[in-house]
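One structure below.
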Amino acid sequence: MYPELGQLALILALLLAVLLSVVPLAGSLTGRDNLQAFARPLASGMFVFIGLAFAVLTHAFVTDDFSVAYVANNSNSMLPWYYKFSAVWGGHEGSLLLWILMLAGWTLAVAIFSRRLPSVMISQVLSVLGMVTVGFLLFIVITSNPFDRLLPNVPADGADLNPLLQDFGLIVHPPMLYMGYVGFAVAFAFAVAALINGRLDAAWARWSRPWTTVAWAFLSLGIALGSWWAYYELGWGGWWFWDPVENASLLPWLSGTALMHSLAVTEKRGVFKSWTVLLAIVTFALSLLGTFLVRSGVLTSVHAFASDPERGTFLLGLLAVTVIASLALYAFRAPVVHVRSRYGSLSREVFLLLNNVLLVSATLLVAVGTLYPLVLDYLELGKLSIGEPFFNLTFSPLAVATGLLLGAGIFSRWKKTDGGWLARKLLWPLAVSTLATTAVLIGYGGFKPWAFIGVFTALWVTLATLWDLWDKSSSRKGRLHGLKRQSRSYYGMVLGHLGLAITMAGATVVSNYGIERDVRMVPGDVAEVGDYQFAFKDIGARQGPNFSAQYGTFEVMLDGERIAVLHPEKRQYPVGMSVMTEADIDAGLFRDIFVAIGERITDEAWAIRLQYKPLVRWLWLGALFMAAGGFLAIADRRYRIKESASERAPSPVSDSGSGASAGAVS
């Protein structure tokens, strides 16, 4: 009976989503407050029923209800309870239900935390979110029902969860990633609502900005968790493979980063309005594109859950409708937004614009490199493999250029920046970055061109950010008082920029100075990797809750002193007849020592992967800094201030600004 209750809850949620799509929007267009008043109750009801459906599916997993086809295909009675819980989103149907739950949660959050916004705007925003929810609820009800039964042929046990997904990282990675993906739907809804009512002003940017920032922060965490999981779980020791599924998450992150900065310019200076709206549409479209790639059967991956052509067609149709409708509205409304604002060639506006151009260029590069081989294959025009070398050679220069512009732009001023003053400000960060980079490269064993460029860029961003913080802390009452005067959004920016620098430093050093060796070893052998010696002691066996494992014992020595004992495993899962590699890692802030067991070569000999990974943890530490910066920024006081009378006034379709130097953007 419980599964049928879950299915009924989804149908009721669909009905409420349809009403949310129509009723508040009609009220906003006709000026009827009584219809607009339905927006928040409908959003709440929709979340309740979707939450009920998710709870019912979770109950089916925890209680081993193998009469439900989705449970039978993705769980097993021997599976530990925490993996049964994460198995709820371990396959296509449950993963999609989690997505919809996140979307309903974001919709409810907008309804709760946007009470100070005009009723017309919030009604339209919630209606747009309702429309998106309708599309995904139709998808799950028609093509991907997680409550389908196997009656009367109920299996005695389930097929088990994919062993790759039986890991803590996969408990937290999908929810974080989806929070980011789906969160961009709010930025999209605000953009569409602004286009409908013609309110493309600073107030709209201020309303949209915190939602965009928090979605970006969650997506940053989600991508970092996925990279961390791939690093230690897949047994390869890599942290980014330019896999199409990885790229699908990177695309909205790149365009979302551009959107955040564009919103800042729109809020501060009232320019880039059309550009900002277009970025909001594109960012959400890229989130939908990632959904299509992963769940349509186009890709073959541990992340790719579906192979049903009907599902792919439905998702492609949903993506097409969303993109075409929103771009048509943009084409109709955006041209009436004329903005004339004068600013100099070295102004902050120009630096932010150039950085956005680089970010969008990087987005296009990754999109083309990811989609072009898929399109060729689909059209039967041949097979083309675009892999890591292509992306590294083309993406890295854009990342470096973005960092260099960022470091210079920190010191720029709105409207106009004196060139001589800017050059003097950049002199000390430039000199110190050059000397420090040279010292770092000497410490790691020698000069490499890309290592120098990457480390220099990371240090450049770091020193520029800290130098700017030092300047801004200047006060007659002391620097502590000066630091207290700065806003939370400013400190969020500082953390975000430092996080980017930390990630760039980690990626550069581990890519250029990491050491990997694949060796044949038997117990008693010793292998060297850099300055480290790995002694293979013996092979043992142990029994897990739903697997058996052989594990090795390795002593790691440095300068004759034992620094770690590692136990990598080779696990056998009897239900799915799967074999998995579980690496063991001696982790540290400045280096990781990584050991993984490969295939058995003879009765005693094994293929062993040994790796030295300098600064690899900085990749994920930087992501934590960036996410923390995003969360800190949205706590800024100005996002909690009720709109002023001038902001409540209708926004004209054109406005003007003044400044000292020429330049115009529309």
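Ordered as shown in the structure tokens, chains take letters A, B, and onward, while each chain numbers its residues from 1 and ligands are numbered from 1 in the order shown.
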
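When the distance limit is 8 Å and only C-alpha atoms are what count, the residues near stretch 532-537 of chain A, minus those fewer than 3 positions from it on the same chain, are Met521, Val522, Pro523, Gly524, Asp525, Val526, Ala527, Glu528, Val529, Gly552, Thr553, Phe554, Glu555, Val556, Met557, Leu558 and Asp559 of chain A.
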
Mind checking which residues fall within 10 Å of A:Phe391, counting only C-alpha atoms, ignoring those fewer than 2 positions away in the same chain, and posting them as a ChimeraX atom specification?
/A:241-242,362,365-366,369-370,386-389,393-396

Any chance you could export the current selection's C-alpha atoms as an mmCIF file, in the first residue's frame?
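The resulting file, result-v3.cif, is reproduced below:
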data_model
loop_
_atom_site.group_PDB
_atom_site.id
_atom_site.type_symbol
_atom_site.label_atom_id
_atom_site.label_comp_id
_atom_site.auth_asym_id
_atom_site.auth_seq_id
_atom_site.Cartn_x
_atom_site.Cartn_y
_atom_site.Cartn_z
ATOM 1 C CA PHE A 241 39.317 13.127 -16.043
ATOM 2 C CA TRP A 242 37.343 15.501 -18.308
ATOM 3 C CA ALA A 362 35.769 28.423 -21.310
ATOM 4 C CA LEU A 365 35.173 25.279 -25.126
ATOM 5 C CA VAL A 366 34.100 22.591 -22.656
ATOM 6 C CA GLY A 369 34.673 19.368 -26.588
ATOM 7 C CA THR A 370 31.994 17.398 -24.755
ATOM 8 C CA ILE A 386 38.391 14.385 -27.313
ATOM 9 C CA GLY A 387 40.138 13.731 -24.054
ATOM 10 C CA GLU A 388 42.355 15.139 -21.370
ATOM 11 C CA PRO A 389 45.199 16.492 -23.548
ATOM 12 C CA LEU A 393 45.965 22.540 -23.501
ATOM 13 C CA THR A 394 42.957 24.728 -24.290
ATOM 14 C CA PHE A 395 41.300 25.260 -20.923
ATOM 15 C CA SER A 396 44.459 26.030 -18.933
#

Residues flagged helix (DSSP H, G or I) by DSSP in stretch 20-111 of chain A, as an NGL selection string
:A and (20-30 or 33-36 or 39-62 or 69-74 or 81-89 or 92-111)

List the neighbours of stretch 33-39 of chain A out to 12 Å using only C-alpha atoms; skip same-chain residues closer than 3 positions along the sequence, and give me the result as JSON, numbers by chain.
{"A": [16, 17, 18, 19, 20, 21, 22, 23, 24, 25, 26, 27, 28, 29, 30, 42, 43, 44, 45, 46, 107, 108, 110, 111, 112, 114, 115, 118, 119, 120, 121, 122, 123, 124, 125, 126, 127, 128, 129, 130]}

At a cut-off of 7 Å, using only C-alpha atoms, what residues contact stretch 577-588 of chain A? Leave out same-chain residues fewer than 2 positions from it and give the result as a PyMOL selection string.
chain A and resi 232-235+564+566-575+590-597

Can you write out the residues you just picked, keeping N, CA and C atoms, as a PDB file, in the first residue's frame?
ATOM      1  N   TYR A 232      39.790   8.811  -4.639  1.00  0.00           N
ATOM      2  CA  TYR A 232      40.141   7.701  -3.749  1.00  0.00           C
ATOM      3  C   TYR A 232      39.359   6.418  -4.021  1.00  0.00           C
ATOM      4  N   GLU A 233      38.209   6.510  -4.718  1.00  0.00           N
ATOM      5  CA  GLU A 233      37.361   5.337  -4.878  1.00  0.00           C
ATOM      6  C   GLU A 233      37.641   4.562  -6.160  1.00  0.00           C
ATOM      7  N   LEU A 234      37.944   5.252  -7.247  1.00  0.00           N
ATOM      8  CA  LEU A 234      38.114   4.555  -8.511  1.00  0.00           C
ATOM      9  C   LEU A 234      39.454   3.830  -8.614  1.00  0.00           C
ATOM     10  N   GLY A 235      40.389   4.154  -7.709  1.00  0.00           N
ATOM     11  CA  GLY A 235      41.654   3.434  -7.682  1.00  0.00           C
ATOM     12  C   GLY A 235      42.685   3.947  -8.663  1.00  0.00           C
ATOM     13  N   ALA A 564      54.142   5.613   7.517  1.00  0.00           N
ATOM     14  CA  ALA A 564      52.755   5.162   7.367  1.00  0.00           C
ATOM     15  C   ALA A 564      52.717   3.673   7.078  1.00  0.00           C
ATOM     16  N   LEU A 566      49.887   1.253   5.146  1.00  0.00           N
ATOM     17  CA  LEU A 566      48.673   1.363   4.333  1.00  0.00           C
ATOM     18  C   LEU A 566      48.139  -0.021   3.997  1.00  0.00           C
ATOM     19  N   HIS A 567      46.801  -0.102   3.891  1.00  0.00           N
ATOM     20  CA  HIS A 567      46.131  -1.384   3.636  1.00  0.00           C
ATOM     21  C   HIS A 567      45.134  -1.235   2.485  1.00  0.00           C
ATOM     22  N   PRO A 568      45.584  -1.148   1.243  1.00  0.00           N
ATOM     23  CA  PRO A 568      44.647  -1.128   0.105  1.00  0.00           C
ATOM     24  C   PRO A 568      43.969  -2.474  -0.052  1.00  0.00           C
ATOM     25  N   GLU A 569      42.775  -2.480  -0.649  1.00  0.00           N
ATOM     26  CA  GLU A 569      41.975  -3.700  -0.733  1.00  0.00           C
ATOM     27  C   GLU A 569      41.527  -3.982  -2.164  1.00  0.00           C
ATOM     28  N   LYS A 570      41.260  -5.260  -2.398  1.00  0.00           N
ATOM     29  CA  LYS A 570      40.581  -5.724  -3.603  1.00  0.00           C
ATOM     30  C   LYS A 570      39.325  -6.440  -3.125  1.00  0.00           C
ATOM     31  N   ARG A 571      38.151  -5.841  -3.387  1.00  0.00           N
ATOM     32  CA  ARG A 571      36.899  -6.357  -2.837  1.00  0.00           C
ATOM     33  C   ARG A 571      36.106  -7.124  -3.888  1.00  0.00           C
ATOM     34  N   GLN A 572      35.460  -8.221  -3.428  1.00  0.00           N
ATOM     35  CA  GLN A 572      34.567  -9.005  -4.277  1.00  0.00           C
ATOM     36  C   GLN A 572      33.145  -8.924  -3.713  1.00  0.00           C
ATOM     37  N   TYR A 573      32.199  -8.487  -4.548  1.00  0.00           N
ATOM     38  CA  TYR A 573      30.792  -8.392  -4.149  1.00  0.00           C
ATOM     39  C   TYR A 573      30.047  -9.556  -4.778  1.00  0.00           C
ATOM     40  N   PRO A 574      29.625 -10.550  -3.982  1.00  0.00           N
ATOM     41  CA  PRO A 574      29.073 -11.784  -4.559  1.00  0.00           C
ATOM     42  C   PRO A 574      27.734 -11.586  -5.268  1.00  0.00           C
ATOM     43  N   VAL A 575      26.904 -10.652  -4.812  1.00  0.00           N
ATOM     44  CA  VAL A 575      25.581 -10.509  -5.411  1.00  0.00           C
ATOM     45  C   VAL A 575      25.688 -10.063  -6.858  1.00  0.00           C
ATOM     46  N   PHE A 590      50.212  18.805   2.685  1.00  0.00           N
ATOM     47  CA  PHE A 590      51.156  19.137   1.630  1.00  0.00           C
ATOM     48  C   PHE A 590      51.449  17.981   0.682  1.00  0.00           C
ATOM     49  N   ARG A 591      50.989  16.772   1.005  1.00  0.00           N
ATOM     50  CA  ARG A 591      51.173  15.661   0.079  1.00  0.00           C
ATOM     51  C   ARG A 591      50.314  14.477   0.486  1.00  0.00           C
ATOM     52  N   ASP A 592      49.979  13.645  -0.485  1.00  0.00           N
ATOM     53  CA  ASP A 592      49.311  12.361  -0.255  1.00  0.00           C
ATOM     54  C   ASP A 592      50.226  11.249  -0.747  1.00  0.00           C
ATOM     55  N   ILE A 593      50.225  10.138   0.002  1.00  0.00           N
ATOM     56  CA  ILE A 593      50.882   8.912  -0.447  1.00  0.00           C
ATOM     57  C   ILE A 593      49.763   7.921  -0.742  1.00  0.00           C
ATOM     58  N   PHE A 594      49.729   7.404  -1.968  1.00  0.00           N
ATOM     59  CA  PHE A 594      48.572   6.664  -2.480  1.00  0.00           C
ATOM     60  C   PHE A 594      49.033   5.280  -2.921  1.00  0.00           C
ATOM     61  N   VAL A 595      48.321   4.232  -2.444  1.00  0.00           N
ATOM     62  CA  VAL A 595      48.621   2.857  -2.846  1.00  0.00           C
ATOM     63  C   VAL A 595      47.314   2.165  -3.231  1.00  0.00           C
ATOM     64  N   ALA A 596      47.315   1.495  -4.385  1.00  0.00           N
ATOM     65  CA  ALA A 596      46.144   0.737  -4.832  1.00  0.00           C
ATOM     66  C   ALA A 596      46.601  -0.599  -5.395  1.00  0.00           C
ATOM     67  N   ILE A 597      45.822  -1.632  -5.118  1.00  0.00           N
ATOM     68  CA  ILE A 597      46.113  -2.969  -5.634  1.00  0.00           C
ATOM     69  C   ILE A 597      45.360  -3.169  -6.941  1.00  0.00           C
TER      70      ILE A 597
END

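Look at stretch 456-473 of chain A: the protein and nucleic acid residues within 6 Å of it, using only C-alpha atoms and passing over chain neighbours fewer than 5 places away, are A:Gly403, A:Gly407, A:Pro429, A:Ser433, A:Thr437, A:Arg479, A:Gly482, A:Leu483, A:Leu498, A:Ala501, A:Met504, A:Ala505.
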
Generate a file of the selected residues that holds N, CA and C atoms, formatted as a short mmCIF file (atom, residue, chain, number, x, y, z; two decimals), in the first residue's frame.
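Output file out.cif follows:
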data_model
loop_
_atom_site.label_atom_id
_atom_site.label_comp_id
_atom_site.auth_asym_id
_atom_site.auth_seq_id
_atom_site.Cartn_x
_atom_site.Cartn_y
_atom_site.Cartn_z
N GLY A 403 42.64 34.28 -13.99
CA GLY A 403 43.31 34.60 -12.73
C GLY A 403 44.11 35.87 -12.80
N GLY A 407 43.39 39.26 -10.52
CA GLY A 407 44.33 39.91 -9.63
C GLY A 407 44.45 41.40 -9.91
N PRO A 429 52.66 43.22 -5.55
CA PRO A 429 52.18 41.85 -5.77
C PRO A 429 52.89 41.16 -6.92
N SER A 433 55.12 37.90 -6.13
CA SER A 433 54.63 36.68 -6.78
C SER A 433 55.72 36.03 -7.61
N THR A 437 57.16 32.41 -6.56
CA THR A 437 56.99 31.32 -7.52
C THR A 437 58.32 30.64 -7.80
N ARG A 479 43.55 49.01 12.52
CA ARG A 479 43.20 48.07 11.45
C ARG A 479 42.10 47.10 11.88
N GLY A 482 39.07 48.76 11.09
CA GLY A 482 38.90 48.77 9.64
C GLY A 482 38.41 47.45 9.10
N LEU A 483 38.89 46.36 9.66
CA LEU A 483 38.42 45.04 9.24
C LEU A 483 36.96 44.83 9.61
N LEU A 498 40.50 33.62 -2.69
CA LEU A 498 41.57 32.81 -2.09
C LEU A 498 41.34 31.33 -2.40
N ALA A 501 42.55 30.61 -5.83
CA ALA A 501 44.01 30.57 -5.86
C ALA A 501 44.53 29.26 -5.28
N MET A 504 43.94 26.49 -7.80
CA MET A 504 44.88 26.59 -8.92
C MET A 504 46.28 26.13 -8.52
N ALA A 505 46.70 26.48 -7.31
CA ALA A 505 48.02 26.04 -6.84
C ALA A 505 48.07 24.52 -6.72
#

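Each of A:Arg520, A:Asn546, A:Phe292, A:Asp201 was checked against A:Glu599 using only C-alpha atoms; the smallest atom-to-atom distance is that of A:Arg520.
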